[in-house]
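Working notes, beginning with the structure itself.
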Amino acid sequence: MSLLFRNAQVGVGGPLTAFAVSAGRVVSPGDITPDEIVDLQGATVLPGLVDAHVHSVQWAQNRRRADLSAATSAAHAVSLILSSVRPGEPTLGFGFRDAFWADEMHKDLLPQEHPIVLVSNDLHTAWFSQAALSLIGRGDHPTGVLLEGDCFRGLAALPPPPAEQLDAWVTEAMTAAAARGVTGIIDFEYADNVSDWQRRPTDVRVACSIPRDRLDEAIARGLRTGQEITDLLRVGPVKMFVDGSLNTRTAYCADPYPGTTSRGLLELPPEELAGTMALASRNGIHPAVHAIGDDAVTIALDAFHDLGCRGRIEHAQLVSREDFPRFALPGLVAGVQPAHQPDDREVADVHWSGRTDRAYAFADLLAAGGTIEIGSDAPVSPLDPWDGIASAVTRTDDDRPAWHPEQAIPLETALAAAAGGRASLEIGAEADLVIVGDLADLRNPEILGTVLAGRWTYRNGV
């Protein structure tokens, strides 16, 4: 199908012009006989948005889980989840933040006979009831509180819904994302994403990441980063963890957390990280390295500089001053989540006290020559790039003053970072675009349409 768009404002504040799409590409208007002419009446056209960090299945499931974001204590979280318990089926809750809780989580606080699992907002803590522990063969666990790798393995061991049900939920979630202007994601789900996505219809392009424990299998299958599986699916990077998270106080930092001797959790020692990255790179698979604390970021940067390979550092929430220029390494992308900054600012003020001038420091990363791409880390934040764009530009998400406003970035820069680096619609480029009405409310603009590979995936009023 060929479309001719008239009276389009291409880019924020751009002049009114016409452009066309045909055979999945942006073309000159004079090169086609259009099947449809669309008058945009001055609406803004932008490159389609790409959420650069998604956990697709967890996001799809989270849309059906009990909301624990209001929990102010472990006891309060229990009271919130009890109203969701249904006989004969597991109960899952999501979204608690325990950094300031006065009481401690324990399996004995939950009903023992019912399988209940509560997952923290950052995905790095899972709180299991005794019955839920038994489901995963961990009935002898002393507390039921699983952290980091133990958490990920525990959640993966839970009996999943039928594959066809999960696929339907994921497809529904991607359709909802298309309605927010999303045309692509990088899926960091802990699964065989390449195989799983081949079963699913989708309204977005998907880069299918490879979990570290599936790297050997991926190499044996001949998978390579960037390799096309279908017209909408390609192979992504291999994901590995250096450390944990801020809210779980397991991000690996140069300084101890207040009142403790702990600097966080080193998940992957430098020599093991470098060996895994080298193996991946030799076989054409780019590493994506989770690093949140400043020491973890240093370890990740050391490995990238030593190996000289392309890849990504995911999160980079706290960065040592001397490390900012090191992000200018060719082929290195910092995958950042600006929507986390307003959510985490109070926790960072306490646990990273005196260092927050270099936390979520997007302006400094760019000024040092780094490349950033914006993701949500859904379900940690909603799969909605506008949340991240607005947070990157304003450094707040409510009536609180901007937090470290010196780290705000311009709107045009944030839009490009949220579009996989695309800043404009160039002739010959993939016809992935979003049509936006009023941008006054940057967090919730009016989405008039989304086009993926030249076809509508969402249309409302154009």
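Ligands are numbered from 1 in the order shown, chains are lettered A, B, ... in the order of the structure tokens, and residues start at 1 in each chain.
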**Study point:** Residue contacts of Gly236 (chain A) (6 Å, only C-alpha atoms) excluding same-chain residues fewer than 3 positions away, as a VMD selection string
**Key:** chain A and resid 207 to 209 225
Practice item. Tell me, as a list in words, which residues lie within 8 Å of Leu268 (chain A), counting only C-alpha atoms; anything in the same chain fewer than 6 positions away does not count. Key: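 Listing them by chain and then by number gives Phe241, Val242 and Asp243 of chain A.
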Tell me, counting only C-alpha atoms, for each residue of region 166-205 of chain A within 10 Å of region 428-440 of chain A, which pair of atoms is nearest and how far apart they are in Å to one decimal, in rows ordered by chain and increasing number, as JSON lines.
{"residue": "A:Ala178", "atom": "CA", "partner": "A:Val434", "partner_atom": "CA", "distance": 9.1}
{"residue": "A:Ala179", "atom": "CA", "partner": "A:Val434", "partner_atom": "CA", "distance": 9.3}
{"residue": "A:Arg180", "atom": "CA", "partner": "A:Val434", "partner_atom": "CA", "distance": 8.5}
{"residue": "A:Gly181", "atom": "CA", "partner": "A:Val434", "partner_atom": "CA", "distance": 5.1}
{"residue": "A:Val182", "atom": "CA", "partner": "A:Val434", "partner_atom": "CA", "distance": 7.7}
{"residue": "A:Thr183", "atom": "CA", "partner": "A:Asp432", "partner_atom": "CA", "distance": 6.3}
{"residue": "A:Gly184", "atom": "CA", "partner": "A:Asp432", "partner_atom": "CA", "distance": 8.8}
{"residue": "A:Val204", "atom": "CA", "partner": "A:Asp432", "partner_atom": "CA", "distance": 9.4}
{"residue": "A:Arg205", "atom": "CA", "partner": "A:Asp432", "partner_atom": "CA", "distance": 9.5}
Point to revise | Selection: 7 Å around region 414-420 of chain A, only C-alpha atoms, excl. self and same-chain fewer than 3 positions, as a list in words | key: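 So, after excluding close chain neighbours, the residues are Pro47, Gly48, Leu49, Val50, Asp51, Ile372, Glu373, Ile374, Pro385, Ile389, Ala392, Ile409, Pro410, Leu411 and Ala423 of chain A.
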So that I have them on file, write out the residues from the current selection with C-alpha atoms, as a compact mmCIF listing (two decimals), in the first residue's frame.
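The result, stored in selection_26.txt:
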# COMPACT_ATOMS: atom_id res chain seq x y z
CA PRO A 47 10.22 8.60 13.51
CA GLY A 48 8.50 5.67 15.18
CA LEU A 49 9.41 5.18 18.82
CA VAL A 50 11.59 2.27 19.92
CA ASP A 51 11.51 1.08 23.52
CA ILE A 372 22.01 6.98 24.60
CA GLU A 373 18.85 5.10 23.74
CA ILE A 374 15.75 5.37 25.89
CA PRO A 385 8.25 6.00 25.69
CA ILE A 389 10.90 11.34 27.04
CA ALA A 392 14.45 13.15 30.39
CA ILE A 409 18.25 17.06 27.76
CA PRO A 410 16.52 18.89 24.87
CA LEU A 411 13.25 17.52 23.52
CA ALA A 423 16.15 12.02 14.29
Check your understanding: What does the distance from CA of Glu271 (chain A) to CA of Thr250 (chain A) come to in Å, to one decimal?
Key ->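 Those two atoms sit 19.9 Å apart.
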Would you return as an mmCIF file with N, CA and C atoms, in the first residue's frame the members of region 114-330 of chain A that DSSP assigns to strand (DSSP E) on this structure's backbone?
data_model
loop_
_atom_site.group_PDB
_atom_site.id
_atom_site.type_symbol
_atom_site.label_atom_id
_atom_site.label_comp_id
_atom_site.auth_asym_id
_atom_site.auth_seq_id
_atom_site.Cartn_x
_atom_site.Cartn_y
_atom_site.Cartn_z
ATOM 1 N N ILE A 116 1.590 -17.517 46.681
ATOM 2 C CA ILE A 116 1.600 -16.071 46.478
ATOM 3 C C ILE A 116 3.040 -15.639 46.184
ATOM 4 N N VAL A 117 3.202 -14.804 45.170
ATOM 5 C CA VAL A 117 4.517 -14.264 44.831
ATOM 6 C C VAL A 117 4.373 -12.762 44.634
ATOM 7 N N LEU A 118 5.173 -11.997 45.374
ATOM 8 C CA LEU A 118 5.179 -10.547 45.252
ATOM 9 C C LEU A 118 6.528 -10.132 44.666
ATOM 10 N N VAL A 119 6.486 -9.341 43.607
ATOM 11 C CA VAL A 119 7.701 -8.956 42.888
ATOM 12 C C VAL A 119 7.920 -7.457 43.053
ATOM 13 N N SER A 120 9.157 -7.086 43.356
ATOM 14 C CA SER A 120 9.491 -5.675 43.548
ATOM 15 C C SER A 120 9.426 -4.914 42.234
ATOM 16 N N THR A 125 13.762 -8.459 43.378
ATOM 17 C CA THR A 125 13.362 -9.150 44.607
ATOM 18 C C THR A 125 12.025 -9.831 44.367
ATOM 19 N N ALA A 126 11.921 -11.078 44.796
ATOM 20 C CA ALA A 126 10.645 -11.799 44.753
ATOM 21 C C ALA A 126 10.395 -12.412 46.122
ATOM 22 N N TRP A 127 9.201 -12.190 46.626
ATOM 23 C CA TRP A 127 8.807 -12.633 47.968
ATOM 24 C C TRP A 127 7.781 -13.746 47.806
ATOM 25 N N PHE A 128 8.182 -14.964 48.180
ATOM 26 C CA PHE A 128 7.371 -16.161 47.966
ATOM 27 C C PHE A 128 6.709 -16.610 49.264
ATOM 28 N N VAL A 145 12.400 -14.838 50.597
ATOM 29 C CA VAL A 145 12.786 -13.611 49.893
ATOM 30 C C VAL A 145 13.982 -13.931 48.995
ATOM 31 N N LEU A 146 13.765 -13.892 47.701
ATOM 32 C CA LEU A 146 14.784 -14.258 46.723
ATOM 33 C C LEU A 146 15.298 -12.997 46.045
ATOM 34 N N LEU A 147 16.627 -12.867 45.961
ATOM 35 C CA LEU A 147 17.246 -11.680 45.394
ATOM 36 C C LEU A 147 18.048 -12.024 44.140
ATOM 37 N N VAL A 182 4.714 3.344 19.437
ATOM 38 C CA VAL A 182 5.846 2.414 19.452
ATOM 39 C C VAL A 182 5.856 1.588 18.171
ATOM 40 N N THR A 183 6.998 1.557 17.516
ATOM 41 C CA THR A 183 7.160 0.731 16.320
ATOM 42 C C THR A 183 8.241 -0.332 16.500
ATOM 43 N N GLY A 184 8.929 -0.329 17.656
ATOM 44 C CA GLY A 184 9.960 -1.327 17.873
ATOM 45 C C GLY A 184 10.327 -1.455 19.335
ATOM 46 N N ILE A 185 10.843 -2.623 19.696
ATOM 47 C CA ILE A 185 11.338 -2.854 21.057
ATOM 48 C C ILE A 185 12.599 -3.709 20.981
ATOM 49 N N ILE A 186 13.414 -3.623 22.023
ATOM 50 C CA ILE A 186 14.419 -4.652 22.291
ATOM 51 C C ILE A 186 13.883 -5.459 23.460
ATOM 52 N N ASP A 187 13.657 -6.740 23.232
ATOM 53 C CA ASP A 187 13.045 -7.593 24.246
ATOM 54 C C ASP A 187 14.131 -8.305 25.042
ATOM 55 N N ARG A 205 8.399 -3.973 15.554
ATOM 56 C CA ARG A 205 9.633 -4.707 15.263
ATOM 57 C C ARG A 205 10.239 -5.163 16.592
ATOM 58 N N VAL A 206 10.850 -6.323 16.591
ATOM 59 C CA VAL A 206 11.414 -6.859 17.830
ATOM 60 C C VAL A 206 12.853 -7.295 17.597
ATOM 61 N N ALA A 207 13.745 -6.757 18.426
ATOM 62 C CA ALA A 207 15.103 -7.291 18.518
ATOM 63 C C ALA A 207 15.109 -8.270 19.686
ATOM 64 N N CYS A 208 15.354 -9.531 19.396
ATOM 65 C CA CYS A 208 15.217 -10.615 20.372
ATOM 66 C C CYS A 208 16.549 -10.847 21.084
ATOM 67 N N SER A 209 16.633 -10.429 22.340
ATOM 68 C CA SER A 209 17.881 -10.628 23.069
ATOM 69 C C SER A 209 18.070 -12.098 23.427
ATOM 70 N N ILE A 210 19.292 -12.398 23.836
ATOM 71 C CA ILE A 210 19.671 -13.758 24.230
ATOM 72 C C ILE A 210 20.121 -13.715 25.684
ATOM 73 N N PRO A 211 19.481 -14.444 26.601
ATOM 74 C CA PRO A 211 19.986 -14.516 27.974
ATOM 75 C C PRO A 211 21.372 -15.161 28.000
ATOM 76 N N LEU A 233 11.395 -9.309 12.797
ATOM 77 C CA LEU A 233 12.175 -9.874 13.900
ATOM 78 C C LEU A 233 13.645 -9.957 13.515
ATOM 79 N N ARG A 234 14.500 -9.576 14.474
ATOM 80 C CA ARG A 234 15.928 -9.756 14.274
ATOM 81 C C ARG A 234 16.560 -10.179 15.591
ATOM 82 N N VAL A 235 17.756 -10.695 15.504
ATOM 83 C CA VAL A 235 18.482 -11.127 16.699
ATOM 84 C C VAL A 235 19.074 -9.899 17.382
ATOM 85 N N GLY A 236 18.928 -9.833 18.690
ATOM 86 C CA GLY A 236 19.467 -8.731 19.478
ATOM 87 C C GLY A 236 20.759 -9.113 20.164
ATOM 88 N N PRO A 237 21.097 -8.436 21.259
ATOM 89 C CA PRO A 237 22.336 -8.703 21.986
ATOM 90 C C PRO A 237 22.171 -9.817 23.011
ATOM 91 N N VAL A 238 23.271 -10.227 23.620
ATOM 92 C CA VAL A 238 23.221 -11.172 24.733
ATOM 93 C C VAL A 238 23.311 -10.378 26.036
ATOM 94 N N LYS A 239 22.406 -10.682 26.958
ATOM 95 C CA LYS A 239 22.293 -9.919 28.201
ATOM 96 C C LYS A 239 23.064 -10.609 29.313
ATOM 97 N N MET A 240 23.861 -9.809 30.052
ATOM 98 C CA MET A 240 24.575 -10.332 31.216
ATOM 99 C C MET A 240 24.572 -9.272 32.313
ATOM 100 N N PHE A 241 24.649 -9.708 33.553
ATOM 101 C CA PHE A 241 24.519 -8.835 34.713
ATOM 102 C C PHE A 241 25.855 -8.681 35.430
ATOM 103 N N PRO A 287 27.391 -7.824 23.191
ATOM 104 C CA PRO A 287 27.013 -7.899 24.600
ATOM 105 C C PRO A 287 26.115 -6.720 25.002
ATOM 106 N N ALA A 288 25.175 -6.991 25.874
ATOM 107 C CA ALA A 288 24.397 -5.958 26.567
ATOM 108 C C ALA A 288 24.611 -6.199 28.055
ATOM 109 N N VAL A 289 25.304 -5.274 28.706
ATOM 110 C CA VAL A 289 25.783 -5.497 30.069
ATOM 111 C C VAL A 289 24.997 -4.633 31.041
ATOM 112 N N HIS A 290 24.275 -5.296 31.934
ATOM 113 C CA HIS A 290 23.541 -4.607 32.993
ATOM 114 C C HIS A 290 24.530 -4.099 34.026
ATOM 115 N N ALA A 291 24.578 -2.773 34.205
ATOM 116 C CA ALA A 291 25.470 -2.170 35.193
ATOM 117 C C ALA A 291 24.795 -0.914 35.725
ATOM 118 N N GLY A 311 28.427 -2.905 21.480
ATOM 119 C CA GLY A 311 27.480 -3.425 22.451
ATOM 120 C C GLY A 311 26.801 -2.323 23.235
ATOM 121 N N ARG A 312 26.233 -2.716 24.369
ATOM 122 C CA ARG A 312 25.399 -1.823 25.160
ATOM 123 C C ARG A 312 25.735 -1.950 26.640
ATOM 124 N N ILE A 313 25.636 -0.844 27.351
ATOM 125 C CA ILE A 313 25.609 -0.887 28.810
ATOM 126 C C ILE A 313 24.206 -0.466 29.215
ATOM 127 N N GLU A 314 23.508 -1.375 29.873
ATOM 128 C CA GLU A 314 22.121 -1.121 30.246
ATOM 129 C C GLU A 314 22.046 -0.462 31.617
ATOM 130 N N HIS A 315 21.359 0.661 31.680
ATOM 131 C CA HIS A 315 21.015 1.433 32.883
ATOM 132 C C HIS A 315 22.036 2.531 33.183
#
Point to revise | Selection near Pro256 (chain A), 12 Å with only C-alpha atoms, sequence-local residues under 4 positions removed, as a ChimeraX atom specification | key: /A:249-252,260-265,293-295,350-353
Point to revise | Distance in Å - CA of Pro29 (chain A) versus CA of Gly449 (chain A) | key: 19.4 Å
Practice item. Determine which residues of region 44-132 of chain A receive a DSSP assignment of helix (DSSP H, G or I), computed from the backbone, and state them as number ranges by chain. Key: A: 56-62, 74-82, 107-109, 130-132
Review point. Which residues come within 8 Å of Arg443 (chain A), counting only C-alpha atoms, excluding same-chain residues fewer than 5 positions away, as a list in words?
Key: Trp386, Asp387, Ile389 and Ala390 of chain A
Check your understanding: Which residue gives the smallest distance to Ile299 (chain A) among A:Cys253, A:Phe96, A:Gly13, A:Val333, with only C-alpha atoms counted?
Key ->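 For Ile299 (chain A), the nearest of the candidates is A:Cys253.
Taking only C-alpha atoms into account, Ala361 (chain A) lies nearest to A:Gln317 out of the set A:Gln337, A:Ser376, A:Ser195, A:Gln317.
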Review point. In terms of the shortest atom-to-atom distance over only C-alpha atoms, which of A:Ser129, A:Asn121, A:Thr44, A:Thr171 is closest to Val57 (chain A)?
Key: A:Thr171
Point to revise | Top pick for closest residue to Ser424 (chain A), considering A:Gly375, A:Gly14, A:Pro269, A:Gly461 and counting only C-alpha atoms | key: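 Among the listed residues, A:Gly14 lies closest to Ser424 (chain A).
You can rank A:Arg459, A:Arg63, A:Arg400, A:His305 by their closest distance to Glu446 (chain A) using only C-alpha atoms, and at the top of that list sits A:Arg459.
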Exercise for review: Would you list the contacts of Leu123 (chain A) as a list in words, taking every protein, DNA or RNA residue within 10 Å and counting only C-alpha atoms, but skipping same-chain residues closer than 6 positions in sequence?
Suggested key: Gln58, Phe94, Gly95, Phe96, Leu147, Glu148, Cys151, Phe152, Leu155, Gly244, Ser245, Asn247, Thr248, Asp377, Ala378, Pro379 and Val380 of chain A
Export of prior selection with N, CA and C atoms as an mmCIF file, in the first residue's frame:
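Final output, saved to again.cif:
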data_model
loop_
_atom_site.group_PDB
_atom_site.id
_atom_site.type_symbol
_atom_site.label_atom_id
_atom_site.label_comp_id
_atom_site.auth_asym_id
_atom_site.auth_seq_id
_atom_site.Cartn_x
_atom_site.Cartn_y
_atom_site.Cartn_z
ATOM 1 N N GLN A 58 6.896 -10.416 31.055
ATOM 2 C CA GLN A 58 6.631 -9.863 32.382
ATOM 3 C C GLN A 58 5.734 -8.633 32.299
ATOM 4 N N PHE A 94 2.803 -7.037 42.106
ATOM 5 C CA PHE A 94 3.978 -6.392 41.531
ATOM 6 C C PHE A 94 4.046 -4.936 41.955
ATOM 7 N N GLY A 95 5.276 -4.444 42.114
ATOM 8 C CA GLY A 95 5.467 -3.007 42.199
ATOM 9 C C GLY A 95 5.880 -2.460 43.546
ATOM 10 N N PHE A 96 6.132 -3.317 44.553
ATOM 11 C CA PHE A 96 6.506 -2.764 45.855
ATOM 12 C C PHE A 96 7.934 -2.231 45.827
ATOM 13 N N LEU A 147 16.627 -12.867 45.961
ATOM 14 C CA LEU A 147 17.246 -11.680 45.394
ATOM 15 C C LEU A 147 18.048 -12.024 44.140
ATOM 16 N N GLU A 148 18.116 -11.056 43.232
ATOM 17 C CA GLU A 148 18.973 -11.096 42.051
ATOM 18 C C GLU A 148 18.822 -12.401 41.264
ATOM 19 N N CYS A 151 16.258 -14.673 42.423
ATOM 20 C CA CYS A 151 14.929 -14.155 42.096
ATOM 21 C C CYS A 151 14.555 -14.514 40.662
ATOM 22 N N PHE A 152 15.450 -14.239 39.719
ATOM 23 C CA PHE A 152 15.139 -14.499 38.307
ATOM 24 C C PHE A 152 14.870 -15.983 38.075
ATOM 25 N N LEU A 155 11.427 -16.979 39.655
ATOM 26 C CA LEU A 155 10.279 -16.559 38.853
ATOM 27 C C LEU A 155 10.153 -17.404 37.585
ATOM 28 N N GLY A 244 23.275 -5.659 40.759
ATOM 29 C CA GLY A 244 21.848 -5.711 41.018
ATOM 30 C C GLY A 244 21.175 -4.376 40.741
ATOM 31 N N SER A 245 20.469 -3.828 41.763
ATOM 32 C CA SER A 245 19.683 -2.615 41.554
ATOM 33 C C SER A 245 19.794 -1.695 42.760
ATOM 34 N N ASN A 247 17.167 -0.054 44.347
ATOM 35 C CA ASN A 247 16.131 -0.252 45.364
ATOM 36 C C ASN A 247 16.373 -1.494 46.211
ATOM 37 N N THR A 248 17.024 -2.496 45.641
ATOM 38 C CA THR A 248 17.363 -3.689 46.405
ATOM 39 C C THR A 248 18.696 -3.516 47.133
ATOM 40 N N ASP A 377 12.318 -0.435 30.545
ATOM 41 C CA ASP A 377 12.537 -1.583 31.429
ATOM 42 C C ASP A 377 11.201 -2.148 31.891
ATOM 43 N N ALA A 378 10.168 -1.990 31.059
ATOM 44 C CA ALA A 378 8.850 -2.513 31.412
ATOM 45 C C ALA A 378 8.983 -3.974 31.850
ATOM 46 N N PRO A 379 8.369 -4.324 32.996
ATOM 47 C CA PRO A 379 7.332 -3.604 33.739
ATOM 48 C C PRO A 379 7.835 -2.674 34.850
ATOM 49 N N VAL A 380 9.152 -2.407 34.946
ATOM 50 C CA VAL A 380 9.619 -1.492 35.986
ATOM 51 C C VAL A 380 8.973 -0.128 35.796
#
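Atom pair CA of Thr394 (chain A) / CA of Ala408 (chain A) has a distance of 6.2 Å (rounded to one decimal).
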Contacts of Ala71 (chain A) at 9 Å or less, counting only C-alpha atoms, minus same-chain residues fewer than 5 places along, as a PDB file with C-alpha atoms, in the first residue's frame?
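Dumped everything to out15.pdb:
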ATOM      1  CA  HIS A  76       0.840  -3.265  54.192  1.00  0.00           C
ATOM      2  CA  ALA A  77       1.879  -5.245  51.105  1.00  0.00           C
ATOM      3  CA  VAL A  78       0.322  -8.365  52.627  1.00  0.00           C
ATOM      4  CA  SER A  79      -2.943  -6.530  53.308  1.00  0.00           C
ATOM      5  CA  LEU A  80      -3.026  -5.312  49.703  1.00  0.00           C
ATOM      6  CA  GLY A  95       5.467  -3.007  42.199  1.00  0.00           C
ATOM      7  CA  PHE A  96       6.506  -2.764  45.855  1.00  0.00           C
ATOM      8  CA  ARG A  97       9.518  -0.657  46.878  1.00  0.00           C
ATOM      9  CA  ASP A  98      11.006  -1.807  50.178  1.00  0.00           C
TER      10      ASP A  98
END
